[in-house]
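J.: Hey, dropping target.tsv in here, TSV, C-alpha atoms:
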```tsv
chain	number	residue	atom	x	y	z
A	1	MET	CA	-22.60	-13.14	29.54
A	2	SER	CA	-24.85	-10.94	27.46
A	3	SER	CA	-22.36	-8.03	27.53
A	4	GLU	CA	-19.65	-10.32	26.16
A	5	VAL	CA	-21.90	-11.42	23.33
A	6	VAL	CA	-22.74	-7.79	22.55
A	7	GLU	CA	-19.02	-6.95	22.50
A	8	VAL	CA	-18.31	-9.79	20.05
A	9	GLU	CA	-21.14	-8.63	17.80
A	10	LYS	CA	-19.83	-5.06	17.97
A	11	GLN	CA	-16.37	-6.24	16.90
A	12	GLN	CA	-17.87	-8.21	14.02
A	13	GLN	CA	-19.83	-5.16	12.83
A	14	GLN	CA	-16.69	-3.02	13.07
A	15	SER	CA	-14.73	-5.61	11.08
A	16	HIS	CA	-17.47	-5.68	8.44
A	17	LYS	CA	-17.37	-1.88	8.09
A	18	THR	CA	-13.59	-1.98	7.76
A	19	GLY	CA	-13.83	-4.64	5.05
A	20	MET	CA	-16.43	-2.68	3.10
A	21	ALA	CA	-14.36	0.50	3.26
A	22	GLU	CA	-11.31	-1.37	2.00
A	23	LYS	CA	-13.27	-2.88	-0.91
A	24	ALA	CA	-14.65	0.52	-1.92
A	25	ALA	CA	-11.18	2.08	-1.80
A	26	SER	CA	-9.72	-0.84	-3.80
A	27	ALA	CA	-12.36	-0.42	-6.52
A	28	ALA	CA	-11.65	3.33	-6.65
A	29	LEU	CA	-7.89	2.72	-6.89
A	30	ILE	CA	-8.27	0.22	-9.73
A	31	GLY	CA	-10.52	2.63	-11.61
A	32	LEU	CA	-8.15	5.57	-11.08
A	33	THR	CA	-5.13	3.52	-12.20
A	34	LEU	CA	-6.84	2.52	-15.45
A	35	LEU	CA	-8.49	5.88	-16.15
A	36	PRO	CA	-5.47	7.55	-17.88
A	37	LEU	CA	-5.70	4.84	-20.56
A	38	VAL	CA	-9.07	6.28	-21.58
A	39	VAL	CA	-9.05	9.99	-20.74
A	40	LYS	CA	-6.54	12.61	-19.67
A	41	VAL	CA	-6.33	12.81	-15.88
A	42	ASN	CA	-4.83	15.79	-14.09
A	43	PRO	CA	-1.47	14.43	-12.82
A	44	ASN	CA	-1.62	16.44	-9.58
A	45	PHE	CA	-5.01	14.98	-8.72
A	46	ASN	CA	-3.80	11.53	-9.78
A	47	VAL	CA	-0.75	11.69	-7.49
A	48	VAL	CA	-2.72	12.76	-4.41
A	49	ALA	CA	-5.71	10.46	-4.96
A	50	THR	CA	-3.59	7.39	-5.79
A	51	ALA	CA	-1.28	7.85	-2.81
A	52	CYS	CA	-4.15	8.46	-0.37
A	53	LEU	CA	-6.16	5.47	-1.61
A	54	THR	CA	-3.08	3.25	-1.35
A	55	VAL	CA	-2.41	4.34	2.23
A	56	PHE	CA	-6.09	3.86	3.12
A	57	ILE	CA	-6.13	0.31	1.71
A	58	GLY	CA	-2.82	-0.69	3.29
A	59	CYS	CA	-3.91	0.64	6.70
A	60	HIS	CA	-7.19	-1.31	6.67
A	61	ARG	CA	-5.47	-4.49	5.49
A	62	SER	CA	-3.05	-4.17	8.43
A	63	VAL	CA	-5.90	-4.61	10.94
A	64	LYS	CA	-5.69	-8.31	11.80
A	65	PRO	CA	-6.18	-10.56	14.86
A	66	ALA	CA	-2.41	-11.09	14.95
A	67	PRO	CA	0.05	-8.17	14.85
A	68	PRO	CA	1.97	-7.41	11.61
A	69	SER	CA	4.72	-9.94	10.94
A	70	GLU	CA	7.58	-7.39	10.95
A	71	THR	CA	8.03	-4.93	13.82
A	72	MET	CA	10.67	-2.19	13.87
A	73	SER	CA	12.78	-1.62	16.96
A	74	LYS	CA	14.08	1.71	18.23
A	75	GLU	CA	17.60	0.85	17.07
A	76	HIS	CA	16.37	-0.03	13.58
A	77	ALA	CA	14.44	3.25	13.38
A	78	MET	CA	17.54	5.25	14.34
A	79	ARG	CA	19.77	3.41	11.85
A	80	PHE	CA	17.30	3.43	8.97
A	81	PRO	CA	18.17	6.91	7.57
A	82	PHE	CA	21.89	6.05	7.59
A	83	ILE	CA	21.34	2.71	5.86
A	84	GLY	CA	19.05	4.40	3.35
A	85	SER	CA	21.72	7.04	2.69
A	86	ALA	CA	24.39	4.38	2.11
A	87	VAL	CA	22.16	2.49	-0.34
A	88	LEU	CA	21.16	5.69	-2.16
A	89	LEU	CA	24.77	6.85	-2.52
A	90	SER	CA	25.86	3.38	-3.67
A	91	LEU	CA	23.21	3.39	-6.40
A	92	PHE	CA	24.26	6.89	-7.47
A	93	LEU	CA	27.89	5.76	-7.84
A	94	LEU	CA	26.88	2.59	-9.69
A	95	PHE	CA	24.84	4.56	-12.21
A	96	LYS	CA	27.70	7.01	-12.61
A	97	PHE	CA	30.52	4.52	-13.26
A	98	LEU	CA	28.77	1.44	-14.71
A	99	PRO	CA	26.51	1.04	-17.77
A	100	LYS	CA	22.98	2.04	-16.83
A	101	ASP	CA	21.45	-0.81	-18.86
A	102	LEU	CA	23.49	-3.42	-17.00
A	103	ILE	CA	22.42	-2.12	-13.57
A	104	ASN	CA	18.77	-1.90	-14.58
A	105	THR	CA	18.86	-5.43	-16.00
A	106	VAL	CA	20.09	-6.81	-12.66
A	107	LEU	CA	17.57	-4.72	-10.73
A	108	THR	CA	14.75	-5.78	-13.05
A	109	SER	CA	15.50	-9.45	-12.34
A	110	TYR	CA	15.44	-8.75	-8.62
A	111	PHE	CA	12.18	-6.82	-8.75
A	112	PHE	CA	10.62	-9.48	-11.00
A	113	VAL	CA	10.80	-11.98	-8.12
A	114	LEU	CA	9.63	-9.41	-5.56
A	115	GLY	CA	6.84	-8.35	-7.90
A	116	VAL	CA	5.46	-11.87	-8.22
A	117	LEU	CA	5.40	-12.25	-4.44
A	118	ALA	CA	3.86	-8.81	-3.82
A	119	LEU	CA	1.17	-9.09	-6.49
A	120	SER	CA	0.27	-12.63	-5.42
A	121	ALA	CA	-0.07	-11.56	-1.79
A	122	THR	CA	-2.15	-8.52	-2.77
A	123	ILE	CA	-4.75	-10.43	-4.80
A	124	LEU	CA	-4.74	-13.52	-2.57
A	125	PRO	CA	-7.52	-12.41	-0.14
A	126	ALA	CA	-9.92	-11.89	-3.05
A	127	LEU	CA	-9.02	-15.23	-4.65
A	128	GLU	CA	-9.38	-17.18	-1.40
A	129	LYS	CA	-13.09	-16.34	-1.30
A	130	LEU	CA	-13.57	-17.89	-4.77
A	131	LEU	CA	-11.53	-21.06	-4.26
A	132	PRO	CA	-12.37	-24.17	-2.17
A	133	ALA	CA	-11.72	-23.76	1.55
A	134	GLN	CA	-9.24	-26.65	1.66
A	135	TRP	CA	-7.08	-24.87	-0.91
A	136	ASN	CA	-6.51	-22.08	1.61
A	137	GLU	CA	-5.60	-24.31	4.55
A	138	HIS	CA	-3.45	-27.27	3.51
A	139	MET	CA	0.22	-26.39	3.09
A	140	ILE	CA	2.34	-27.90	0.31
A	141	THR	CA	6.08	-28.32	0.93
A	142	ALA	CA	8.52	-28.27	-1.98
A	143	LYS	CA	12.31	-28.37	-2.16
A	144	LEU	CA	14.23	-26.17	-4.54
A	145	PRO	CA	16.02	-28.15	-7.30
A	146	TYR	CA	19.59	-26.97	-6.63
A	147	TRP	CA	19.18	-26.22	-2.93
A	148	LYS	CA	17.89	-29.43	-1.38
A	149	ASN	CA	18.04	-28.04	2.14
A	150	VAL	CA	15.76	-25.11	1.26
A	151	GLU	CA	12.04	-25.82	1.61
A	152	VAL	CA	9.21	-23.63	0.38
A	153	GLU	CA	5.72	-23.87	1.86
A	154	PHE	CA	2.63	-22.61	0.06
A	155	THR	CA	-1.06	-23.32	-0.34
A	156	LYS	CA	-2.89	-24.09	-3.57
A	157	SER	CA	-4.52	-20.66	-3.34
A	158	GLN	CA	-1.11	-19.00	-3.21
A	159	LEU	CA	-0.03	-21.04	-6.22
A	160	VAL	CA	-3.11	-19.91	-8.17
A	161	ALA	CA	-2.45	-16.28	-7.17
A	162	SER	CA	1.12	-16.52	-8.45
A	163	VAL	CA	-0.09	-17.25	-12.02
A	164	PRO	CA	-1.53	-13.78	-12.78
A	165	GLY	CA	1.27	-12.24	-10.70
A	166	THR	CA	3.92	-13.93	-12.86
A	167	GLY	CA	2.12	-13.02	-16.07
A	168	PHE	CA	1.92	-9.38	-15.08
A	169	CYS	CA	5.61	-9.25	-14.15
A	170	VAL	CA	6.54	-10.76	-17.51
A	171	TRP	CA	4.55	-7.97	-19.20
A	172	TYR	CA	6.39	-5.40	-17.09
A	173	VAL	CA	9.83	-6.77	-18.04
A	174	MET	CA	8.97	-6.89	-21.74
A	175	GLU	CA	7.17	-3.55	-22.12
A	176	LYS	CA	8.11	-1.42	-19.07
A	177	HIS	CA	4.71	0.23	-19.48
A	178	TRP	CA	3.79	2.86	-16.89
A	179	LEU	CA	0.65	0.88	-15.98
A	180	ALA	CA	2.70	-2.24	-15.21
A	181	ASN	CA	5.18	-0.14	-13.22
A	182	ASN	CA	2.40	1.46	-11.17
A	183	THR	CA	0.62	-1.84	-10.54
A	184	LEU	CA	3.79	-3.35	-9.11
A	185	GLY	CA	4.53	-0.17	-7.15
A	186	LEU	CA	1.05	-0.16	-5.64
A	187	ALA	CA	1.39	-3.83	-4.68
A	188	PHE	CA	4.74	-3.12	-2.98
A	189	SER	CA	3.22	-0.14	-1.13
A	190	ILE	CA	0.12	-1.98	0.06
A	191	GLN	CA	2.14	-4.98	1.23
A	192	GLY	CA	4.66	-2.74	2.98
A	193	ILE	CA	1.99	-0.88	4.94
A	194	GLU	CA	0.10	-4.10	5.66
A	195	MET	CA	3.05	-6.20	6.85
A	196	LEU	CA	5.33	-3.69	8.62
A	197	SER	CA	4.72	-2.39	12.13
A	198	LEU	CA	6.40	0.42	14.02
A	199	GLY	CA	5.38	-1.14	17.35
A	200	SER	CA	4.82	2.20	19.07
A	201	PHE	CA	4.30	5.87	18.25
A	202	LYS	CA	7.65	6.73	19.86
A	203	ILE	CA	9.50	4.52	17.37
A	204	GLY	CA	7.36	5.94	14.58
A	205	ALA	CA	8.27	9.51	15.55
A	206	ILE	CA	11.99	8.61	15.60
A	207	LEU	CA	11.77	7.02	12.15
A	208	LEU	CA	9.80	9.88	10.59
A	209	ALA	CA	12.08	12.52	12.12
A	210	GLY	CA	15.17	10.77	10.77
A	211	LEU	CA	13.73	10.38	7.27
A	212	PHE	CA	12.49	13.99	7.39
A	213	ILE	CA	16.14	15.12	7.59
A	214	TYR	CA	17.26	12.40	5.14
A	215	ASP	CA	14.80	13.52	2.46
A	216	ILE	CA	15.66	17.22	2.82
A	217	PHE	CA	19.42	16.60	2.63
A	218	TRP	CA	19.44	14.31	-0.40
A	219	VAL	CA	16.98	16.40	-2.44
A	220	PHE	CA	17.95	20.00	-1.60
A	221	PHE	CA	21.70	19.71	-0.96
A	222	THR	CA	22.79	17.04	-3.47
A	223	PRO	CA	21.72	15.86	-6.95
A	224	VAL	CA	21.77	12.25	-5.73
A	225	MET	CA	18.08	11.58	-5.03
A	226	VAL	CA	16.73	13.09	-8.24
A	227	SER	CA	19.47	11.48	-10.35
A	228	VAL	CA	18.83	7.99	-8.95
A	229	ALA	CA	15.05	8.39	-9.30
A	230	LYS	CA	15.42	9.27	-12.99
A	231	SER	CA	18.01	6.55	-13.71
A	232	PHE	CA	16.41	3.73	-11.70
A	233	ASP	CA	14.23	1.84	-14.19
A	234	ALA	CA	12.34	-0.24	-11.62
A	235	PRO	CA	8.98	0.03	-9.80
A	236	ILE	CA	10.34	2.03	-6.84
A	237	LYS	CA	8.21	5.00	-7.87
A	238	LEU	CA	4.78	5.68	-9.31
A	239	ILE	CA	4.70	7.50	-12.65
A	240	PHE	CA	1.69	9.45	-13.87
A	241	PRO	CA	1.14	10.53	-17.50
A	242	THR	CA	0.91	14.32	-17.86
A	243	GLY	CA	0.17	14.68	-21.57
A	244	ASP	CA	3.03	17.22	-21.75
A	245	ILE	CA	5.77	16.41	-24.27
A	246	ALA	CA	8.38	18.38	-22.33
A	247	ARG	CA	7.56	16.56	-19.07
A	248	PRO	CA	5.61	13.38	-19.97
A	249	PHE	CA	5.41	11.95	-16.43
A	250	SER	CA	5.11	13.04	-12.82
A	251	MET	CA	6.74	10.84	-10.18
A	252	LEU	CA	6.13	9.89	-6.56
A	253	GLY	CA	8.54	7.64	-4.66
A	254	LEU	CA	7.14	4.60	-2.87
A	255	GLY	CA	8.88	5.73	0.32
A	256	ASP	CA	6.58	8.76	0.40
A	257	ILE	CA	3.65	6.32	0.60
A	258	VAL	CA	4.97	3.44	2.72
A	259	ILE	CA	6.92	5.29	5.43
A	260	PRO	CA	4.13	7.65	6.55
A	261	GLY	CA	1.61	4.91	5.68
A	262	ILE	CA	2.89	2.54	8.38
A	263	PHE	CA	2.55	5.38	10.91
A	264	VAL	CA	-1.04	6.08	9.85
A	265	ALA	CA	-1.75	2.32	10.00
A	266	LEU	CA	-0.48	2.26	13.59
A	267	ALA	CA	-2.99	5.02	14.43
A	268	LEU	CA	-5.80	2.90	12.97
A	269	ARG	CA	-4.78	-0.18	14.97
A	270	PHE	CA	-4.54	2.02	18.08
A	271	ASP	CA	-8.15	3.08	17.53
A	272	MET	CA	-9.23	-0.53	17.01
A	273	SER	CA	-7.41	-1.65	20.16
A	274	ARG	CA	-9.53	0.77	22.19
A	275	GLY	CA	-12.78	-0.37	20.58
A	276	ARG	CA	-13.61	3.04	19.15
A	277	GLU	CA	-14.26	4.49	15.72
A	278	LYS	CA	-11.41	5.72	13.50
A	279	THR	CA	-10.61	8.70	15.72
A	280	TYR	CA	-6.86	9.13	15.45
A	281	PHE	CA	-6.65	7.37	12.09
A	282	THR	CA	-8.81	10.15	10.67
A	283	SER	CA	-6.49	12.90	11.93
A	284	ALA	CA	-3.30	11.07	10.86
A	285	PHE	CA	-4.76	10.33	7.42
A	286	ALA	CA	-5.91	13.96	7.07
A	287	GLY	CA	-2.37	15.05	7.97
A	288	TYR	CA	-0.95	12.79	5.26
A	289	THR	CA	-3.38	14.18	2.68
A	290	ALA	CA	-2.63	17.77	3.67
A	291	GLY	CA	1.13	17.17	3.52
A	292	LEU	CA	0.85	15.65	0.05
A	293	LEU	CA	-1.29	18.56	-1.18
A	294	VAL	CA	1.28	21.07	0.10
A	295	THR	CA	4.04	19.09	-1.65
A	296	ILE	CA	2.19	19.36	-4.97
A	297	LEU	CA	1.50	23.09	-4.48
A	298	VAL	CA	5.13	23.91	-3.64
A	299	MET	CA	6.45	21.71	-6.47
A	300	ASN	CA	4.27	23.49	-9.02
A	301	TRP	CA	5.06	26.91	-7.57
A	302	PHE	CA	8.84	26.47	-7.80
A	303	GLN	CA	8.80	24.04	-10.75
A	304	ALA	CA	11.35	21.84	-8.96
A	305	ALA	CA	11.46	18.45	-7.27
A	306	GLN	CA	10.47	18.54	-3.61
A	307	PRO	CA	11.25	16.20	-0.68
A	308	ALA	CA	7.69	15.05	0.03
A	309	LEU	CA	8.49	13.98	3.59
A	310	LEU	CA	9.37	17.62	4.36
A	311	TYR	CA	5.65	18.36	4.22
A	312	ILE	CA	4.10	14.95	4.97
A	313	VAL	CA	5.92	14.25	8.26
A	314	PRO	CA	4.84	17.52	9.99
A	315	GLY	CA	1.34	16.97	8.59
A	316	VAL	CA	0.94	13.44	9.96
A	317	ILE	CA	2.60	14.03	13.33
A	318	GLY	CA	1.15	17.53	13.71
A	319	PHE	CA	-2.47	16.60	12.98
A	320	LEU	CA	-2.28	13.53	15.22
A	321	GLY	CA	-0.45	15.36	18.02
A	322	VAL	CA	-2.86	18.30	18.12
A	323	HIS	CA	-5.91	16.00	18.02
A	324	CYS	CA	-4.45	13.88	20.82
A	325	ALA	CA	-3.60	16.93	22.95
A	326	VAL	CA	-7.09	18.40	22.54
A	327	ARG	CA	-8.61	15.12	23.75
A	328	GLY	CA	-6.13	14.91	26.63
A	329	GLU	CA	-4.88	11.46	25.57
A	330	VAL	CA	-1.20	12.10	24.89
A	331	LYS	CA	-0.05	9.68	27.59
A	332	PRO	CA	-2.12	6.64	26.41
A	333	LEU	CA	-0.93	7.21	22.85
A	334	LEU	CA	2.75	7.44	23.81
A	335	GLU	CA	2.47	4.41	26.09
A	336	PHE	CA	0.81	2.27	23.42
A	337	ASP	CA	2.95	-0.78	22.59
A	338	GLU	CA	1.50	-2.97	19.90
A	339	SER	CA	3.46	-6.09	20.88
A	340	VAL	CA	2.15	-5.91	24.46
A	341	HIS	CA	-1.41	-5.18	23.37
A	342	SER	CA	-1.43	-8.01	20.83
A	343	GLY	CA	-0.72	-10.51	23.59
A	344	GLU	CA	-3.54	-9.12	25.71
A	345	GLU	CA	-5.86	-9.16	22.68
A	346	THR	CA	-5.09	-12.83	22.08
A	347	ASP	CA	-6.02	-13.70	25.66
A	348	GLU	CA	-9.26	-11.72	25.35
A	349	SER	CA	-10.15	-13.40	22.07
A	350	GLN	CA	-9.62	-16.82	23.67
A	351	GLU	CA	-11.92	-15.82	26.53
A	352	ASN	CA	-14.51	-14.58	24.03
A	353	ASP	CA	-14.30	-17.86	22.11
A	354	ALA	CA	-14.82	-19.80	25.34
A	355	SER	CA	-17.79	-17.63	26.31
A	356	ASN	CA	-19.30	-18.03	22.85
A	357	GLU	CA	-18.99	-21.82	23.14
A	358	SER	CA	-20.71	-21.74	26.54
A	359	VAL	CA	-23.49	-19.55	25.14
A	360	THR	CA	-23.97	-22.02	22.29
A	361	ALA	CA	-24.01	-24.94	24.72
A	362	VAL	CA	-26.68	-23.27	26.87
A	363	ALA	CA	-28.78	-22.55	23.80
A	364	ASP	CA	-28.48	-26.18	22.68
A	365	LYS	CA	-29.60	-27.43	26.09
A	366	LYS	CA	-32.62	-25.11	26.05
A	367	SER	CA	-33.60	-26.32	22.60
A	368	ASP	CA	-33.36	-29.96	23.78
```
Write out the structure in this file as structure tokens.
T.:
Amino acid sequence: MSSEVVEVEKQQQQSHKTGMAEKAASAALIGLTLLPLVVKVNPNFNVVATACLTVFIGCHRSVKPAPPSETMSKEHAMRFPFIGSAVLLSLFLLFKFLPKDLINTVLTSYFFVLGVLALSATILPALEKLLPAQWNEHMITAKLPYWKNVEVEFTKSQLVASVPGTGFCVWYVMEKHWLANNTLGLAFSIQGIEMLSLGSFKIGAILLAGLFIYDIFWVFFTPVMVSVAKSFDAPIKLIFPTGDIARPFSMLGLGDIVIPGIFVALALRFDMSRGREKTYFTSAFAGYTAGLLVTILVMNWFQAAQPALLYIVPGVIGFLGVHCAVRGEVKPLLEFDESVHSGEETDESQENDASNESVTAVADKKSD
């Protein structure tokens, strides 16, 4: 009985530490995002620090009692590079044969809706602590005016969160300021890392290997990737002021944050599932940071766009793989299946709840 209580307390302390780390990283990210408005910030430092903070926040937000809502299958991971290639080529052809303003207007409308949802979901946890508890629990059901069969469920807290989210998206559409673009891009990245799950490290390796080849091909062997990135006037990339008239902004695609980020997040949840400190998360996150630093160094050396995943993927998988091999835990890592573990974790949490209730009941009887 006492060991179970100690285990529950240990989990609560671990959760508290995770929450504090996320809050500190969030404050640092907000400060770094606003800093270029006041002083000149080295764009290389800005790219690396912003991307790493975003991955760190998204990973810690992905640690929840229930598994992430979207899990990728092996088939999806294998098809993803081909689907991505088809979408990228389609956009390239659209920008080539249709008016750029028309395409960007349609895409802006699409990302306006996505932006409201992403920003609202990102700021919701902070707002829920300030609003009445009942606002977070009771669901409101509404039917869309022209689609009577479509119902939308939301809480009052979600409705409140949508107000600043909508206002910010309106500012983005009207001004297209780099700060508005980056805020939406960061919200998309954090939500992507938080909500998506690879399920297992095997699926993650398949996905990263496929996108490793995808990124190299479309950047080094065709003008498609760079052309679309420059033409696409939507928050699919982060842009950082350089202060250089010839090259006013540096860019980093959201895929270079989200794709490796969901792999690093899986490493963190693997650590948490084993009740240990951030062992493999630390090595995977260090690999991501190292890969990003190498990307910046090579880009500046050759003065040319680089496929970031060329350096990030070996960094993440390499650092994690070597660390795992040194500890002799390759088999447990490869056998880890998040969907199976989440079911076991639910059963354990129910047992812990029951034991906590019995402990409380015993304490009440003793006090009587």
J.: Choose the residue, out of A:Leu98, A:Leu91, A:Ala305, A:Ile30, that has the smallest atom-to-atom separation from Val219 in chain A; count all atoms listed in the file.
T.: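 Once distances to Val219 in chain A are computed over all atoms listed in the file, the minimum belongs to A:Ala305.
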J.: Once 5 Å is added on each side, what centre and edge lengths in Å to one decimal does the axis-aligned box around all listed atoms of range 119-123 of chain A have, as JSON?
T.:
```
{"center_x": -1.8, "center_y": -10.6, "center_z": -4.1, "size_x": 15.9, "size_y": 14.1, "size_z": 14.7}
```
J.: I'd like the neighbourhood of range 76-79 of chain A as a list of chain:residue names, where a residue qualifies if any of its atoms comes within 12 Å (using all atoms listed in the file), though same-chain residues fewer than 3 positions away should be ignored.
T.: A:Glu70, A:Thr71, A:Met72, A:Ser73, A:Phe82, A:Ile83, A:Gly84, A:Ser85, A:Ala86, A:Ser197, A:Leu198, A:Gly199, A:Ser200, A:Phe201, A:Lys202, A:Ile203, A:Gly204, A:Ala205, A:Ile206, A:Leu207, A:Leu208, A:Ala209, A:Gly210, A:Leu211, A:Tyr214, A:Ile259
J.: Quick one: residues within 7 Å of range 51-59 of chain A, all atoms listed in the file, excluding same-chain residues fewer than 4 positions away - as a list of chain:residue names?
T.: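 Listing them by chain and then by number gives A:Glu22, A:Ala25, A:Ser26, A:Leu29, A:Val47, A:Leu186, A:Ile190, A:Gln191, A:Ile193, A:Glu194, A:Ile257, A:Gly261, A:Val264, A:Ala265, A:Leu268, A:Thr289.
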J.: Could you tell me how far CA of Phe270 in chain A sits from CA of Thr282 in chain A, in Å to one decimal place?
T.: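 Interatomic distance, CA of Thr282 in chain A to CA of Phe270 in chain A: 11.8 Å.
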J.: Could you check which of A:Ser62, A:Gln158, A:Ser120, A:Ser189 is closest to Ile140 in chain A, using only C-alpha atoms?
T.: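 Residue with the minimum atom-to-atom distance to Ile140 in chain A: A:Gln158.
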J.: Would you please work out which residue, of A:Leu34, A:Val170, A:Ile103, A:Met20, is nearest to Phe232 in chain A when using only C-alpha atoms?
T.: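 Under the stated criterion, the closest residue is A:Ile103.
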J.: Counting only C-alpha atoms, note down every residue that has an atom within 10 Å of the point (8.8, -24.4, 1.2) (file coordinates), as a list in words.
T.: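 Those within range, by chain then number, are Met139, Ile140, Thr141, Ala142, Lys143, Leu144, Asn149, Val150, Glu151, Val152, Glu153 and Phe154 of chain A.
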J.: Quick one: write out the picked residues with C-alpha atoms as a tab-separated table (two decimals), in the coordinates of the input?
T.:
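Once everything was written out, this is selection.tsv:
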```
chain	number	residue	atom	x	y	z
A	139	MET	CA	0.22	-26.39	3.09
A	140	ILE	CA	2.34	-27.90	0.31
A	141	THR	CA	6.08	-28.32	0.93
A	142	ALA	CA	8.52	-28.27	-1.98
A	143	LYS	CA	12.31	-28.37	-2.16
A	144	LEU	CA	14.23	-26.17	-4.54
A	149	ASN	CA	18.04	-28.04	2.14
A	150	VAL	CA	15.76	-25.11	1.26
A	151	GLU	CA	12.04	-25.82	1.61
A	152	VAL	CA	9.21	-23.63	0.38
A	153	GLU	CA	5.72	-23.87	1.86
A	154	PHE	CA	2.63	-22.61	0.06
```
J.: A:Leu266, A:Pro145, A:Trp178, A:Val116: which is nearest Lys278 in chain A, counting all atoms listed in the file?
T.: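 Of A:Leu266, A:Pro145, A:Trp178, A:Val116, the one nearest Lys278 in chain A, counting all atoms listed in the file, is A:Leu266.
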J.: Go through A:Ala246, A:Thr166, A:Thr33, A:Asn46 one by one, measure the shortest atom-to-atom distance of each to Thr183 in chain A using all atoms listed in the file, and give the residue with the smallest value.
T.: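 Closest candidate: A:Thr33.
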J.: Have a look at A:Ala290, A:Leu119, A:Leu333, A:Leu37 and name the one nearest to His177 in chain A; count all atoms listed in the file.
T.: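 With all atoms listed in the file as the atom set, the closest residue is A:Leu37.
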J.: Need to verify the contact set: Asn42 in chain A, 10 Å, all atoms listed in the file, exclusion of same-chain residues closer than 3 positions in sequence. Can you return it as a PyMOL selection string?
T.: chain A and resi 36+39+45-47+240-243
J.: Write the selection just made, keeping C-alpha atoms, as a PDB file, in the coordinates of the input?
T.:
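Final output, selection.pdb:
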```
ATOM      1  CA  PRO A  36      -5.470   7.550 -17.880  1.00  0.00           C
ATOM      2  CA  VAL A  39      -9.050   9.990 -20.740  1.00  0.00           C
ATOM      3  CA  PHE A  45      -5.010  14.980  -8.720  1.00  0.00           C
ATOM      4  CA  ASN A  46      -3.800  11.530  -9.780  1.00  0.00           C
ATOM      5  CA  VAL A  47      -0.750  11.690  -7.490  1.00  0.00           C
ATOM      6  CA  PHE A 240       1.690   9.450 -13.870  1.00  0.00           C
ATOM      7  CA  PRO A 241       1.140  10.530 -17.500  1.00  0.00           C
ATOM      8  CA  THR A 242       0.910  14.320 -17.860  1.00  0.00           C
ATOM      9  CA  GLY A 243       0.170  14.680 -21.570  1.00  0.00           C
TER      10      GLY A 243
END
```
J.: So how many Å separate CA of Lys100 in chain A and CA of Ile245 in chain A, to one decimal?
T.: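 Atom-to-atom, CA of Lys100 in chain A to CA of Ile245 in chain A, that is 23.6 Å.
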J.: Rounded to one decimal place, report the CA of Val326 in chain A-CA of Lys17 in chain A distance in Å.
T.: 26.9 Å
J.: Just the residues within 12 Å of Gly318 in chain A, please, counting all atoms listed in the file, with nothing from its chain fewer than 3 positions along; format it as a PyMOL selection string.
T.: chain A and resi 205+208+280+283-288+290-291+311-315+321-325
J.: Residues of the last selection are to be written out with C-alpha atoms, as an mmCIF file, in the frame of the given file.
T.:
```cif
data_model
loop_
_atom_site.group_PDB
_atom_site.id
_atom_site.type_symbol
_atom_site.label_atom_id
_atom_site.label_comp_id
_atom_site.auth_asym_id
_atom_site.auth_seq_id
_atom_site.Cartn_x
_atom_site.Cartn_y
_atom_site.Cartn_z
ATOM 1 C CA ALA A 205 8.270 9.510 15.550
ATOM 2 C CA LEU A 208 9.800 9.880 10.590
ATOM 3 C CA TYR A 280 -6.860 9.130 15.450
ATOM 4 C CA SER A 283 -6.490 12.900 11.930
ATOM 5 C CA ALA A 284 -3.300 11.070 10.860
ATOM 6 C CA PHE A 285 -4.760 10.330 7.420
ATOM 7 C CA ALA A 286 -5.910 13.960 7.070
ATOM 8 C CA GLY A 287 -2.370 15.050 7.970
ATOM 9 C CA TYR A 288 -0.950 12.790 5.260
ATOM 10 C CA ALA A 290 -2.630 17.770 3.670
ATOM 11 C CA GLY A 291 1.130 17.170 3.520
ATOM 12 C CA TYR A 311 5.650 18.360 4.220
ATOM 13 C CA ILE A 312 4.100 14.950 4.970
ATOM 14 C CA VAL A 313 5.920 14.250 8.260
ATOM 15 C CA PRO A 314 4.840 17.520 9.990
ATOM 16 C CA GLY A 315 1.340 16.970 8.590
ATOM 17 C CA GLY A 321 -0.450 15.360 18.020
ATOM 18 C CA VAL A 322 -2.860 18.300 18.120
ATOM 19 C CA HIS A 323 -5.910 16.000 18.020
ATOM 20 C CA CYS A 324 -4.450 13.880 20.820
ATOM 21 C CA ALA A 325 -3.600 16.930 22.950
#
```
J.: Could you give me, as a list in words, the residues within 10 Å of Phe112 in chain A, counting only C-alpha atoms and dropping anything in the same chain fewer than 2 positions from it?
T.: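 My list of contacting residues is Val106, Leu107, Thr108, Ser109, Tyr110, Leu114, Gly115, Val116, Leu117, Ala118, Gly165, Thr166, Phe168, Cys169, Val170, Tyr172, Val173, Leu184, Ala234 and Pro235 of chain A.
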J.: Could range 85-89 of chain A be completed with N, CA and C atoms and returned as an mmCIF file, in the frame of the given file?
T.:
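So result.cif came out as:
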```
data_model
loop_
_atom_site.group_PDB
_atom_site.id
_atom_site.type_symbol
_atom_site.label_atom_id
_atom_site.label_comp_id
_atom_site.auth_asym_id
_atom_site.auth_seq_id
_atom_site.Cartn_x
_atom_site.Cartn_y
_atom_site.Cartn_z
ATOM 1 N N SER A 85 20.753 6.141 3.323
ATOM 2 C CA SER A 85 21.720 7.040 2.690
ATOM 3 C C SER A 85 22.837 6.258 2.019
ATOM 4 N N ALA A 86 23.318 5.203 2.686
ATOM 5 C CA ALA A 86 24.390 4.380 2.110
ATOM 6 C C ALA A 86 23.926 3.692 0.830
ATOM 7 N N VAL A 87 22.696 3.158 0.850
ATOM 8 C CA VAL A 87 22.160 2.490 -0.340
ATOM 9 C C VAL A 87 21.959 3.485 -1.471
ATOM 10 N N LEU A 88 21.408 4.669 -1.148
ATOM 11 C CA LEU A 88 21.160 5.690 -2.160
ATOM 12 C C LEU A 88 22.465 6.151 -2.807
ATOM 13 N N LEU A 89 23.481 6.402 -1.991
ATOM 14 C CA LEU A 89 24.770 6.850 -2.520
ATOM 15 C C LEU A 89 25.433 5.753 -3.351
#
```
